[in-house]
$ cat coords_22.cif   # mmCIF, C-alpha atoms and all ligand atoms
data_data
loop_
_atom_site.label_atom_id
_atom_site.label_comp_id
_atom_site.auth_asym_id
_atom_site.auth_seq_id
_atom_site.Cartn_x
_atom_site.Cartn_y
_atom_site.Cartn_z
CA MET A 1 18.74 -32.13 -82.83
CA GLU A 2 15.00 -32.06 -83.51
CA LEU A 3 12.89 -30.15 -80.95
CA LYS A 4 10.01 -32.41 -79.90
CA ILE A 5 6.91 -30.32 -79.29
CA GLY A 6 3.72 -30.90 -77.30
CA LEU A 7 0.92 -28.59 -78.48
CA ILE A 8 -2.09 -27.79 -76.28
CA GLY A 9 -5.32 -26.54 -77.88
CA CYS A 10 -6.15 -27.89 -81.34
CA GLY A 11 -8.56 -25.16 -82.43
CA ALA A 12 -8.17 -22.59 -85.20
CA ILE A 13 -4.63 -21.34 -84.62
CA GLY A 14 -3.57 -24.60 -82.97
CA ARG A 15 -4.23 -26.43 -86.23
CA GLU A 16 -2.45 -23.70 -88.24
CA HIS A 17 0.60 -23.94 -85.96
CA ILE A 18 0.62 -27.76 -86.10
CA LYS A 19 0.70 -27.54 -89.91
CA ARG A 20 3.53 -25.00 -89.97
CA LEU A 21 5.53 -26.84 -87.26
CA SER A 22 5.10 -30.05 -89.26
CA GLY A 23 5.78 -28.56 -92.71
CA LYS A 24 7.46 -25.18 -92.92
CA VAL A 25 9.40 -24.76 -89.68
CA GLN A 26 12.71 -26.64 -89.68
CA GLY A 27 14.27 -28.66 -86.88
CA CYS A 28 11.15 -29.64 -84.93
CA LYS A 29 8.36 -32.19 -84.76
CA VAL A 30 4.96 -32.13 -83.06
CA VAL A 31 5.07 -35.39 -81.07
CA ALA A 32 2.02 -34.89 -78.84
CA VAL A 33 -1.16 -32.84 -78.86
CA CYS A 34 -3.87 -32.12 -76.31
CA ASP A 35 -7.39 -30.72 -76.41
CA VAL A 36 -10.35 -30.84 -74.05
CA PHE A 37 -12.21 -32.61 -76.83
CA GLU A 38 -10.95 -35.98 -78.06
CA GLU A 39 -12.09 -35.24 -81.58
CA GLY A 40 -10.09 -32.00 -81.64
CA ALA A 41 -6.98 -33.70 -80.31
CA LYS A 42 -7.28 -36.51 -82.86
CA LYS A 43 -7.59 -33.98 -85.69
CA GLY A 44 -4.47 -32.23 -84.39
CA ALA A 45 -2.58 -35.53 -84.21
CA GLU A 46 -3.58 -36.32 -87.78
CA LEU A 47 -2.35 -32.91 -89.00
CA ALA A 48 0.97 -33.61 -87.29
CA GLY A 49 1.27 -36.80 -89.32
CA GLY A 50 0.69 -38.91 -86.21
CA ALA A 51 1.24 -37.64 -82.66
CA LYS A 52 0.37 -38.90 -79.19
CA VAL A 53 -3.12 -37.78 -78.13
CA TYR A 54 -3.88 -36.28 -74.72
CA VAL A 55 -7.47 -35.46 -73.82
CA ASN A 56 -7.95 -32.70 -71.25
CA ASP A 57 -4.60 -33.51 -69.65
CA VAL A 58 -2.31 -30.49 -69.58
CA THR A 59 -0.07 -31.92 -66.86
CA GLY A 60 0.27 -35.21 -68.74
CA ILE A 61 1.40 -33.71 -72.05
CA VAL A 62 3.73 -31.13 -70.47
CA ASN A 63 5.48 -33.80 -68.37
CA ASP A 64 5.67 -36.39 -71.15
CA PRO A 65 9.41 -37.27 -71.30
CA GLU A 66 9.17 -37.26 -75.12
CA VAL A 67 8.15 -33.58 -75.06
CA ASP A 68 11.06 -31.09 -75.09
CA ALA A 69 9.02 -27.90 -75.46
CA VAL A 70 5.41 -26.74 -75.30
CA VAL A 71 3.16 -24.64 -77.56
CA VAL A 72 -0.03 -23.25 -75.98
CA THR A 73 -2.91 -22.41 -78.31
CA THR A 74 -5.87 -22.70 -75.96
CA PRO A 75 -8.11 -19.63 -75.43
CA GLY A 76 -6.51 -16.87 -73.34
CA PHE A 77 -8.26 -17.79 -70.10
CA ALA A 78 -6.60 -21.24 -70.18
CA HIS A 79 -3.01 -20.15 -70.95
CA LYS A 80 -1.88 -19.72 -67.36
CA GLU A 81 -2.31 -23.36 -66.33
CA ALA A 82 -0.29 -24.67 -69.28
CA VAL A 83 2.45 -22.02 -69.07
CA MET A 84 2.89 -22.57 -65.33
CA ALA A 85 3.09 -26.34 -65.86
CA ALA A 86 5.80 -25.87 -68.50
CA ILE A 87 7.80 -23.55 -66.24
CA LYS A 88 7.50 -26.10 -63.43
CA ALA A 89 8.78 -28.80 -65.78
CA GLY A 90 11.65 -26.50 -66.88
CA LYS A 91 10.56 -26.68 -70.54
CA PRO A 92 10.56 -23.82 -73.08
CA VAL A 93 7.01 -22.66 -73.80
CA PHE A 94 5.53 -20.58 -76.59
CA THR A 95 2.11 -19.24 -75.66
CA GLU A 96 -0.26 -17.49 -77.99
CA LYS A 97 -1.33 -14.01 -76.95
CA PRO A 98 -2.55 -12.81 -74.51
CA MET A 99 -0.16 -14.46 -72.05
CA THR A 100 -3.09 -14.46 -69.61
CA THR A 101 -6.18 -12.28 -69.35
CA THR A 102 -5.11 -10.26 -66.29
CA ALA A 103 -1.91 -8.59 -65.09
CA ALA A 104 -2.23 -10.41 -61.75
CA ASP A 105 -2.09 -13.81 -63.47
CA SER A 106 0.76 -12.73 -65.75
CA LYS A 107 2.74 -11.46 -62.78
CA GLU A 108 2.64 -14.99 -61.31
CA ILE A 109 4.15 -16.31 -64.54
CA VAL A 110 6.91 -13.68 -64.49
CA GLU A 111 7.74 -14.54 -60.89
CA ALA A 112 7.69 -18.29 -61.54
CA GLU A 113 9.99 -17.91 -64.57
CA MET A 114 12.45 -15.69 -62.71
CA ALA A 115 12.53 -18.18 -59.83
CA THR A 116 13.84 -20.87 -62.21
CA GLY A 117 16.66 -18.56 -63.34
CA LYS A 118 16.00 -19.71 -66.92
CA HIS A 119 14.38 -17.91 -69.86
CA LEU A 120 11.53 -20.23 -70.82
CA VAL A 121 8.50 -18.19 -71.96
CA GLN A 122 7.80 -16.52 -75.32
CA VAL A 123 4.50 -14.78 -76.09
CA GLY A 124 2.93 -14.88 -79.56
CA PHE A 125 3.07 -11.18 -80.37
CA MET A 126 3.84 -12.03 -83.99
CA ARG A 127 3.45 -8.51 -85.35
CA ARG A 128 7.02 -7.80 -84.21
CA TYR A 129 8.03 -10.36 -86.88
CA ASP A 130 5.87 -8.79 -89.60
CA LYS A 131 7.77 -7.21 -92.51
CA GLY A 132 5.41 -4.23 -92.73
CA TYR A 133 5.75 -3.28 -89.05
CA GLN A 134 9.51 -3.90 -89.24
CA GLN A 135 9.79 -1.54 -92.22
CA VAL A 136 7.88 1.17 -90.32
CA LYS A 137 10.13 0.64 -87.31
CA ALA A 138 13.30 0.88 -89.40
CA LEU A 139 12.11 4.21 -90.86
CA LEU A 140 11.25 5.55 -87.40
CA ASP A 141 14.58 4.38 -85.97
CA SER A 142 16.46 6.02 -88.88
CA GLY A 143 15.59 9.44 -87.39
CA ASP A 144 14.81 10.81 -90.88
CA PHE A 145 11.19 11.51 -89.91
CA GLY A 146 11.89 13.26 -86.62
CA LYS A 147 10.00 12.09 -83.59
CA PRO A 148 6.68 10.24 -83.83
CA LEU A 149 3.71 12.36 -82.69
CA LEU A 150 0.62 10.26 -83.20
CA CYS A 151 -0.50 6.99 -84.76
CA LYS A 152 -3.79 6.03 -86.39
CA CYS A 153 -4.57 2.32 -86.36
CA THR A 154 -7.47 0.13 -87.35
CA HIS A 155 -7.95 -3.46 -86.24
CA ARG A 156 -10.99 -4.76 -88.06
CA ASN A 157 -12.22 -8.35 -88.17
CA PRO A 158 -15.04 -9.43 -90.50
CA GLU A 159 -16.78 -11.17 -87.59
CA VAL A 160 -16.17 -12.97 -84.30
CA GLY A 161 -17.78 -15.89 -82.45
CA THR A 162 -20.86 -15.33 -80.28
CA ASP A 163 -18.82 -15.89 -77.07
CA TYR A 164 -16.60 -12.87 -77.87
CA ASN A 165 -17.47 -10.01 -75.50
CA THR A 166 -16.59 -6.38 -74.74
CA PRO A 167 -13.40 -6.99 -72.66
CA MET A 168 -12.13 -9.38 -75.36
CA ALA A 169 -11.88 -6.40 -77.72
CA VAL A 170 -9.00 -5.44 -75.43
CA HIS A 171 -7.28 -8.65 -74.32
CA ASP A 172 -7.91 -10.72 -77.43
CA THR A 173 -7.75 -8.08 -80.16
CA ALA A 174 -6.23 -4.70 -79.14
CA ILE A 175 -3.53 -6.62 -77.25
CA HIS A 176 -1.67 -6.80 -80.59
CA GLU A 177 -1.49 -2.99 -80.85
CA ILE A 178 -0.82 -2.68 -77.10
CA ASP A 179 2.33 -4.72 -77.64
CA CYS A 180 3.49 -3.63 -81.05
CA MET A 181 2.78 0.11 -81.01
CA HIS A 182 4.87 0.85 -77.93
CA TRP A 183 7.62 -1.33 -79.39
CA LEU A 184 7.32 0.62 -82.66
CA VAL A 185 7.65 4.08 -81.11
CA ASP A 186 10.05 2.78 -78.44
CA ASP A 187 8.20 4.14 -75.41
CA GLU A 188 6.08 2.88 -72.50
CA TRP A 189 2.31 3.38 -72.07
CA ASP A 190 1.20 6.12 -69.71
CA SER A 191 -2.61 6.32 -69.90
CA VAL A 192 -5.52 4.97 -71.90
CA GLN A 193 -9.17 5.65 -72.60
CA VAL A 194 -11.95 3.77 -74.37
CA ILE A 195 -14.68 5.67 -76.18
CA LEU A 196 -17.87 3.75 -76.90
CA GLY A 197 -20.56 5.06 -79.20
CA ALA A 198 -23.03 3.74 -81.74
CA ASP A 199 -23.03 -0.05 -82.03
CA THR A 200 -23.27 -2.01 -85.25
CA LYS A 201 -26.49 -3.94 -85.82
CA TYR A 202 -24.33 -7.06 -86.19
CA THR A 203 -23.33 -7.17 -82.50
CA HIS A 204 -25.11 -8.45 -79.37
CA PRO A 205 -25.67 -7.07 -75.83
CA ALA A 206 -22.43 -8.53 -74.43
CA LEU A 207 -20.25 -6.87 -77.10
CA ARG A 208 -19.90 -3.12 -77.68
CA ASP A 209 -18.68 -2.83 -81.25
CA PRO A 210 -16.88 -0.77 -82.58
CA GLN A 211 -14.67 0.72 -79.89
CA VAL A 212 -12.17 3.59 -80.05
CA MET A 213 -9.11 3.17 -77.85
CA VAL A 214 -6.85 6.14 -77.21
CA MET A 215 -3.49 5.24 -75.72
CA ARG A 216 -0.79 7.71 -74.76
CA THR A 217 2.88 6.94 -74.17
CA LYS A 218 5.08 8.52 -71.50
CA LYS A 219 6.63 10.86 -74.13
CA GLY A 220 3.14 11.88 -75.25
CA VAL A 221 2.76 9.87 -78.46
CA THR A 222 -0.99 9.31 -78.93
CA ILE A 223 -2.32 6.15 -80.58
CA MET A 224 -5.89 6.22 -81.86
CA LEU A 225 -7.07 2.68 -82.43
CA GLU A 226 -10.37 1.58 -83.91
CA VAL A 227 -11.30 -1.98 -82.95
CA PHE A 228 -14.25 -3.17 -85.05
CA VAL A 229 -14.75 -6.92 -84.93
CA ASN A 230 -17.94 -7.22 -86.98
CA CYS A 231 -16.97 -4.92 -89.85
CA LYS A 232 -18.12 -7.62 -92.30
CA PHE A 233 -15.94 -6.54 -95.25
CA GLY A 234 -12.59 -8.11 -94.31
CA TYR A 235 -9.58 -8.41 -92.04
CA ASP A 236 -8.30 -4.87 -92.21
CA ILE A 237 -5.18 -3.90 -90.27
CA ASN A 238 -3.81 -0.41 -90.80
CA CYS A 239 -1.14 1.66 -89.11
CA GLU A 240 -0.04 5.20 -89.89
CA VAL A 241 2.55 7.08 -87.88
CA VAL A 242 2.50 10.89 -88.09
CA CYS A 243 5.97 12.29 -87.36
CA GLU A 244 7.53 15.77 -87.22
CA ASP A 245 9.04 15.41 -90.70
CA GLY A 246 6.63 13.15 -92.53
CA VAL A 247 4.05 10.39 -92.32
CA ILE A 248 4.76 6.65 -92.51
CA HIS A 249 1.96 4.35 -93.64
CA MET A 250 2.43 0.61 -93.19
CA PRO A 251 2.08 -1.30 -96.48
CA SER A 252 -0.92 -3.59 -96.86
CA PRO A 253 -0.65 -7.03 -98.48
CA ALA A 254 -0.36 -6.64 -102.24
CA PHE A 255 -3.41 -7.51 -104.33
CA PRO A 256 -4.00 -6.55 -107.94
CA THR A 257 -6.17 -3.52 -108.64
CA VAL A 258 -8.71 -4.50 -111.27
CA ARG A 259 -10.91 -2.52 -113.64
CA LYS A 260 -14.16 -4.34 -114.42
CA ASP A 261 -17.79 -3.49 -115.09
CA GLY A 262 -17.27 0.21 -114.42
CA ASN A 263 -15.41 -0.40 -111.15
CA LEU A 264 -11.82 0.02 -110.01
CA SER A 265 -11.27 -2.38 -107.10
CA THR A 266 -8.70 -4.16 -104.90
CA PRO A 267 -9.49 -7.19 -102.71
CA ILE A 268 -9.06 -6.97 -98.92
CA GLU A 269 -7.57 -9.84 -96.89
CA GLN A 270 -10.30 -11.88 -95.18
CA SER A 271 -8.53 -13.54 -92.25
CA TRP A 272 -5.64 -13.26 -89.82
CA ILE A 273 -4.52 -16.68 -91.11
CA ASN A 274 -3.24 -15.19 -94.38
CA ARG A 275 -2.65 -11.57 -93.34
CA PHE A 276 0.14 -12.58 -90.96
CA ILE A 277 1.09 -15.95 -92.44
CA ASP A 278 4.76 -15.03 -92.96
CA SER A 279 5.06 -13.52 -89.48
CA TYR A 280 3.84 -16.73 -87.82
CA ASP A 281 6.35 -18.75 -89.86
CA VAL A 282 9.31 -16.53 -88.94
CA GLU A 283 8.15 -16.25 -85.32
CA LEU A 284 7.93 -20.01 -84.77
CA GLN A 285 11.19 -20.75 -86.62
CA ASN A 286 12.91 -18.24 -84.36
CA TRP A 287 11.27 -19.77 -81.28
CA VAL A 288 12.33 -23.31 -82.24
CA ASP A 289 15.93 -22.21 -82.92
CA CYS A 290 16.08 -20.32 -79.61
CA ALA A 291 14.39 -23.05 -77.56
CA LYS A 292 17.16 -25.43 -78.62
CA LYS A 293 19.75 -22.95 -77.34
CA GLY A 294 17.81 -22.28 -74.13
CA VAL A 295 17.27 -18.59 -74.94
CA VAL A 296 14.29 -16.35 -75.74
CA GLU A 297 14.79 -13.68 -78.42
CA GLY A 298 11.13 -12.84 -79.03
CA PRO A 299 8.54 -11.16 -76.79
CA THR A 300 9.09 -12.31 -73.19
CA ALA A 301 6.87 -13.01 -70.20
CA TRP A 302 7.67 -9.44 -69.11
CA ASP A 303 6.23 -8.15 -72.42
CA GLY A 304 3.17 -10.34 -71.82
CA TYR A 305 2.78 -8.92 -68.31
CA THR A 306 3.18 -5.26 -69.27
CA ALA A 307 0.68 -5.75 -72.11
CA ASN A 308 -1.75 -7.05 -69.50
CA LEU A 309 -1.20 -4.00 -67.29
CA THR A 310 -2.27 -1.81 -70.20
CA ALA A 311 -5.14 -4.16 -71.06
CA ASP A 312 -6.42 -4.01 -67.48
CA ALA A 313 -6.46 -0.20 -67.69
CA LEU A 314 -8.37 -0.32 -70.99
CA VAL A 315 -10.95 -2.74 -69.57
CA LYS A 316 -11.43 -0.38 -66.62
CA SER A 317 -11.98 2.51 -69.01
CA GLN A 318 -14.51 0.46 -70.99
CA GLU A 319 -16.56 0.43 -67.79
CA THR A 320 -16.17 4.11 -66.84
CA GLY A 321 -15.20 5.97 -70.01
CA GLU A 322 -12.50 7.72 -67.93
CA ILE A 323 -8.83 8.16 -68.76
CA VAL A 324 -7.00 5.47 -66.78
CA LYS A 325 -3.34 5.63 -65.79
CA VAL A 326 -1.35 2.52 -66.79
CA GLU A 327 0.51 0.96 -63.90
CA SER A 328 4.09 0.16 -64.74
CA GLY A 329 6.88 -1.58 -62.96
CA GLU A 330 10.65 -1.44 -63.18
CA LYS A 331 11.84 -4.09 -65.65
CA PRO A 332 13.77 -6.69 -63.63
CA ALA A 333 17.43 -7.21 -64.56
CA PHE A 334 16.43 -10.77 -65.59
CA TYR A 335 14.52 -9.32 -68.57
CA GLN A 336 17.03 -6.62 -69.57
CA ASN A 337 18.75 -7.36 -72.91
P1 LIG B 1 -10.23 -21.84 -80.65
O1 LIG B 1 -11.39 -21.70 -79.72
O2 LIG B 1 -10.48 -22.02 -82.09
O3 LIG B 1 -9.30 -23.03 -80.15
C1 LIG B 1 -8.97 -23.27 -78.84
C2 LIG B 1 -8.83 -24.77 -78.63
O4 LIG B 1 -8.35 -25.02 -77.33
C3 LIG B 1 -10.17 -25.53 -78.76
O5 LIG B 1 -9.98 -26.64 -79.59
C4 LIG B 1 -10.48 -25.92 -77.32
O6 LIG B 1 -11.24 -27.11 -77.24
C5 LIG B 1 -9.10 -26.07 -76.74
N1 LIG B 1 -9.02 -25.93 -75.29
C6 LIG B 1 -9.66 -25.05 -74.49
N2 LIG B 1 -9.26 -25.20 -73.19
C7 LIG B 1 -8.34 -26.20 -73.19
C8 LIG B 1 -7.58 -26.82 -72.17
N3 LIG B 1 -7.64 -26.43 -70.91
N4 LIG B 1 -6.75 -27.84 -72.53
C9 LIG B 1 -6.66 -28.25 -73.81
N5 LIG B 1 -7.36 -27.68 -74.83
C10 LIG B 1 -8.19 -26.66 -74.52
O7 LIG B 1 -9.34 -20.54 -80.40
P2 LIG B 1 -8.27 -19.89 -81.38
O8 LIG B 1 -8.92 -18.89 -82.24
O9 LIG B 1 -7.47 -20.95 -82.01
O10 LIG B 1 -7.37 -19.06 -80.34
C11 LIG B 1 -6.50 -19.71 -79.46
C12 LIG B 1 -5.50 -18.70 -78.91
O11 LIG B 1 -4.73 -18.19 -79.99
C13 LIG B 1 -6.12 -17.49 -78.22
O12 LIG B 1 -5.34 -17.11 -77.16
C14 LIG B 1 -6.12 -16.43 -79.31
O13 LIG B 1 -6.07 -15.11 -78.77
C15 LIG B 1 -4.84 -16.76 -80.04
N6 LIG B 1 -4.87 -16.37 -81.45
C16 LIG B 1 -3.82 -15.64 -81.90
C17 LIG B 1 -3.82 -15.18 -83.19
C18 LIG B 1 -2.70 -14.34 -83.65
O14 LIG B 1 -2.87 -13.63 -84.63
N7 LIG B 1 -1.54 -14.37 -83.00
C19 LIG B 1 -4.89 -15.51 -84.14
C20 LIG B 1 -5.91 -16.34 -83.56
C21 LIG B 1 -5.88 -16.75 -82.26
C1 LIG B 2 -7.58 -13.24 -82.71
O1 LIG B 2 -7.41 -14.02 -81.55
C2 LIG B 2 -6.28 -12.71 -83.19
O2 LIG B 2 -5.28 -12.75 -82.53
C3 LIG B 2 -6.37 -11.92 -84.40
O3 LIG B 2 -5.10 -11.53 -84.84
C4 LIG B 2 -7.21 -10.72 -84.06
O4 LIG B 2 -7.36 -9.91 -85.20
C5 LIG B 2 -8.58 -11.14 -83.56
O5 LIG B 2 -9.33 -10.00 -83.21
C6 LIG B 2 -8.45 -12.05 -82.37
O6 LIG B 2 -9.73 -12.49 -81.96
#

$ encode --input "coords_22.cif" --output "structure tokens"
Amino acid sequence: MELKIGLIGCGAIGREHIKRLSGKVQGCKVVAVCDVFEEGAKKGAELAGGAKVYVNDVTGIVNDPEVDAVVVTTPGFAHKEAVMAAIKAGKPVFTEKPMTTTAADSKEIVEAEMATGKHLVQVGFMRRYDKGYQQVKALLDSGDFGKPLLCKCTHRNPEVGTDYNTPMAVHDTAIHEIDCMHWLVDDEWDSVQVILGADTKYTHPALRDPQVMVMRTKKGVTIMLEVFVNCKFGYDINCEVVCEDGVIHMPSPAFPTVRKDGNLSTPIEQSWINRFIDSYDVELQNWVDCAKKGVVEGPTAWDGYTANLTADALVKSQETGEIVKVESGEKPAFYQN
């Protein structure tokens, strides 16, 4: 059976996902697309090799009888409406991260999903599908390195759009580390703090850039994360875990090292599109396979919600500079493995 997909939001990642769902991912077809702009929706439909076009009509596309499952690639602030509509229609839904931009909104999704009694929601925390992070996790889980003590991470983007602001450094960017670092060290977040300092000349008044985020887990593992979204030189994701019996450094994508004109140099990836290209492919194949079986194997609505709890604490610390305790809740039996 082919999973017939309705995709909402034909922007940057929407178009990438349409291409992979129409080319690389097996057993599915994008049959309908939606965007607030007709031109965007038409472009999406064309990339899908012909799909029904919905303009600014989330309810329409979600409830289209031809649509078996929904992919949400609108900006974070618009995810909730589409995810809630899919839950109401009883259809599996993959939403890009963040699930929503606040824990309060994400809690409504968790409650709505649990009320259906069915596992419907997967969140696009694709780093859990990345080979590099998986290799680091396997080494940590082997026990050969003792317990993890601290992690040093960088999340650098060459640049961002002019509508990107200070809180987005948390819920649009750091949200990846919020999800994957606690998964990596197998612990829950306890407290967080944001340290703001000198700003780059390439930013604007609504965006403090760079930011240092310090996040501590319940067992005391400290994660030091630099978020720098106007670093100019490339898309630079690094992760190093310092353990009792050694240090694990995540591999970077392989590029040749060249000697030329008196220089020894290696290129740096320029965009998330290529840096995590394999992870998106594996993630969406897994989602399609699971949606057909009516199960969710990837990051759940609960993972989306708990990431938002941590994000809310970080946003609060951006405003005060204080250490903020992360609220946590007991994982409902519904979300236990
Ligand atoms: P974008 O701004 O390029 O595209 C968003 C699209 O959604 C636009 O075409 C816009 O017109 C449309 N849209 C907005 N509201 C809508 C609504 N209510 N109904 C229908 N269409 C609507 O944004 P981008 O960069 O593609 O990001 C989209 C989402 O994907 C965000 O949540 C972002 O955080 C996430 N993302 C995830 C990445 C990852 O590495 N997992 C990488 C890039 C983005
Ligand atoms: C974007 O939405 C992503 O998810 C990218 O992976 C991240 O690096 C970037 O900062 C976000 O804006």

$ residues_around --input "coords_22.cif" --residues "Val70 in chain A" --least-positions-apart "2" --cutoff "9 Å" --atoms "only C-alpha atoms" --output "list in words"
Lys4, Ile5, Gly6, Leu7, Ile8, Ile61, Val62, Val67, Asp68, Val72, Ala82, Val83, Ala86, Lys91, Pro92, Val93, Phe94 and Thr95 of chain A

$ closest_residue --input "coords_22.cif" --among "A:Ala313, A:Ala48, A:Ala307, A:Met250" --to "Val192 in chain A" --atoms "all atoms listed in the file"
A:Ala313

$ residues_near_ligand --input "coords_22.cif" --ligand "ligand LIG 1 (chain B)" --cutoff "8 Å" --atoms "all atoms listed in the file" --output "PDB file with C-alpha atoms, keeping the file's coordinate frame"
ATOM      1  CA  ILE A   8      -2.090 -27.790 -76.280  1.00  0.00           C
ATOM      2  CA  GLY A   9      -5.320 -26.540 -77.880  1.00  0.00           C
ATOM      3  CA  CYS A  10      -6.150 -27.890 -81.340  1.00  0.00           C
ATOM      4  CA  GLY A  11      -8.560 -25.160 -82.430  1.00  0.00           C
ATOM      5  CA  ALA A  12      -8.170 -22.590 -85.200  1.00  0.00           C
ATOM      6  CA  ILE A  13      -4.630 -21.340 -84.620  1.00  0.00           C
ATOM      7  CA  GLY A  14      -3.570 -24.600 -82.970  1.00  0.00           C
ATOM      8  CA  ARG A  15      -4.230 -26.430 -86.230  1.00  0.00           C
ATOM      9  CA  CYS A  34      -3.870 -32.120 -76.310  1.00  0.00           C
ATOM     10  CA  ASP A  35      -7.390 -30.720 -76.410  1.00  0.00           C
ATOM     11  CA  VAL A  36     -10.350 -30.840 -74.050  1.00  0.00           C
ATOM     12  CA  PHE A  37     -12.210 -32.610 -76.830  1.00  0.00           C
ATOM     13  CA  GLY A  40     -10.090 -32.000 -81.640  1.00  0.00           C
ATOM     14  CA  ALA A  41      -6.980 -33.700 -80.310  1.00  0.00           C
ATOM     15  CA  VAL A  55      -7.470 -35.460 -73.820  1.00  0.00           C
ATOM     16  CA  ASN A  56      -7.950 -32.700 -71.250  1.00  0.00           C
ATOM     17  CA  ASP A  57      -4.600 -33.510 -69.650  1.00  0.00           C
ATOM     18  CA  VAL A  58      -2.310 -30.490 -69.580  1.00  0.00           C
ATOM     19  CA  VAL A  72      -0.030 -23.250 -75.980  1.00  0.00           C
ATOM     20  CA  THR A  73      -2.910 -22.410 -78.310  1.00  0.00           C
ATOM     21  CA  THR A  74      -5.870 -22.700 -75.960  1.00  0.00           C
ATOM     22  CA  PRO A  75      -8.110 -19.630 -75.430  1.00  0.00           C
ATOM     23  CA  GLY A  76      -6.510 -16.870 -73.340  1.00  0.00           C
ATOM     24  CA  PHE A  77      -8.260 -17.790 -70.100  1.00  0.00           C
ATOM     25  CA  ALA A  78      -6.600 -21.240 -70.180  1.00  0.00           C
ATOM     26  CA  HIS A  79      -3.010 -20.150 -70.950  1.00  0.00           C
ATOM     27  CA  GLU A  81      -2.310 -23.360 -66.330  1.00  0.00           C
ATOM     28  CA  ALA A  82      -0.290 -24.670 -69.280  1.00  0.00           C
ATOM     29  CA  THR A  95       2.110 -19.240 -75.660  1.00  0.00           C
ATOM     30  CA  GLU A  96      -0.260 -17.490 -77.990  1.00  0.00           C
ATOM     31  CA  LYS A  97      -1.330 -14.010 -76.950  1.00  0.00           C
ATOM     32  CA  PRO A  98      -2.550 -12.810 -74.510  1.00  0.00           C
ATOM     33  CA  MET A  99      -0.160 -14.460 -72.050  1.00  0.00           C
ATOM     34  CA  GLY A 124       2.930 -14.880 -79.560  1.00  0.00           C
ATOM     35  CA  PHE A 125       3.070 -11.180 -80.370  1.00  0.00           C
ATOM     36  CA  MET A 126       3.840 -12.030 -83.990  1.00  0.00           C
ATOM     37  CA  HIS A 171      -7.280  -8.650 -74.320  1.00  0.00           C
ATOM     38  CA  ASP A 172      -7.910 -10.720 -77.430  1.00  0.00           C
ATOM     39  CA  THR A 173      -7.750  -8.080 -80.160  1.00  0.00           C
ATOM     40  CA  HIS A 176      -1.670  -6.800 -80.590  1.00  0.00           C
ATOM     41  CA  TRP A 272      -5.640 -13.260 -89.820  1.00  0.00           C
ATOM     42  CA  ILE A 273      -4.520 -16.680 -91.110  1.00  0.00           C
ATOM     43  CA  PHE A 276       0.140 -12.580 -90.960  1.00  0.00           C
ATOM     44  CA  TYR A 280       3.840 -16.730 -87.820  1.00  0.00           C
TER      45      TYR A 280
END

$ closest_residue --input "coords_22.cif" --among "A:Glu39, A:Asp278, A:Glu159, A:Glu111" --to "ligand LIG 2 (chain B)" --atoms "only C-alpha atoms and all ligand atoms"
A:Glu159

$ closest_residue --input "coords_22.cif" --among "A:Glu38, A:Asp144, A:Asp261, A:Asp236" --to "ligand LIG 2 (chain B)" --atoms "only C-alpha atoms and all ligand atoms"
A:Asp236

$ closest_residue --input "coords_22.cif" --among "A:Thr162, A:Thr222, A:Ser191, A:Ser271" --to "His204 in chain A" --atoms "all atoms listed in the file"
A:Thr162

$ atom_distance --input "coords_22.cif" --atom1 "CA of Lys107 in chain A" --atom2 "CA of Leu207 in chain A"
27.5 Å

$ closest_residue --input "coords_22.cif" --among "A:Thr203, A:Ser279, A:Asn157, A:Thr306" --to "ligand LIG 2 (chain B)" --atoms "all atoms listed in the file"
A:Asn157

$ closest_residue --input "coords_22.cif" --among "A:Ala112, A:Val214, A:Leu140, A:Val288" --to "Ile178 in chain A" --atoms "all atoms listed in the file"
A:Val214

$ residues_around --input "coords_22.cif" --residues "Asn308 in chain A" --least-positions-apart "6" --cutoff "7 Å" --atoms "only C-alpha atoms" --output "PDB file with C-alpha atoms, in the frame of the given file"
ATOM      1  CA  THR A 101      -6.180 -12.280 -69.350  1.00  0.00           C
ATOM      2  CA  THR A 102      -5.110 -10.260 -66.290  1.00  0.00           C
ATOM      3  CA  ALA A 103      -1.910  -8.590 -65.090  1.00  0.00           C
TER       4      ALA A 103
END

$ atom_distance --input "coords_22.cif" --atom1 "CA of Gly50 in chain A" --atom2 "CA of Met84 in chain A"
26.6 Å

$ residues_near_point --input "coords_22.cif" --point "(-2.2, 2.3, -85.8)" --cutoff "9 Å" --atoms "only C-alpha atoms" --output "NGL selection string"
:A and (150-155 or 177 or 181 or 223-226 or 237-241 or 250)

$ write_last_selection --input "coords_22.cif" --atoms "C-alpha atoms" --output "tab-separated table (two decimals), in the frame of the given file"
chain	number	residue	atom	x	y	z
A	150	LEU	CA	0.62	10.26	-83.20
A	151	CYS	CA	-0.50	6.99	-84.76
A	152	LYS	CA	-3.79	6.03	-86.39
A	153	CYS	CA	-4.57	2.32	-86.36
A	154	THR	CA	-7.47	0.13	-87.35
A	155	HIS	CA	-7.95	-3.46	-86.24
A	177	GLU	CA	-1.49	-2.99	-80.85
A	181	MET	CA	2.78	0.11	-81.01
A	223	ILE	CA	-2.32	6.15	-80.58
A	224	MET	CA	-5.89	6.22	-81.86
A	225	LEU	CA	-7.07	2.68	-82.43
A	226	GLU	CA	-10.37	1.58	-83.91
A	237	ILE	CA	-5.18	-3.90	-90.27
A	238	ASN	CA	-3.81	-0.41	-90.80
A	239	CYS	CA	-1.14	1.66	-89.11
A	240	GLU	CA	-0.04	5.20	-89.89
A	241	VAL	CA	2.55	7.08	-87.88
A	250	MET	CA	2.43	0.61	-93.19

$ atom_distance --input "coords_22.cif" --atom1 "CA of Arg156 in chain A" --atom2 "CA of Cys231 in chain A"
6.2 Å
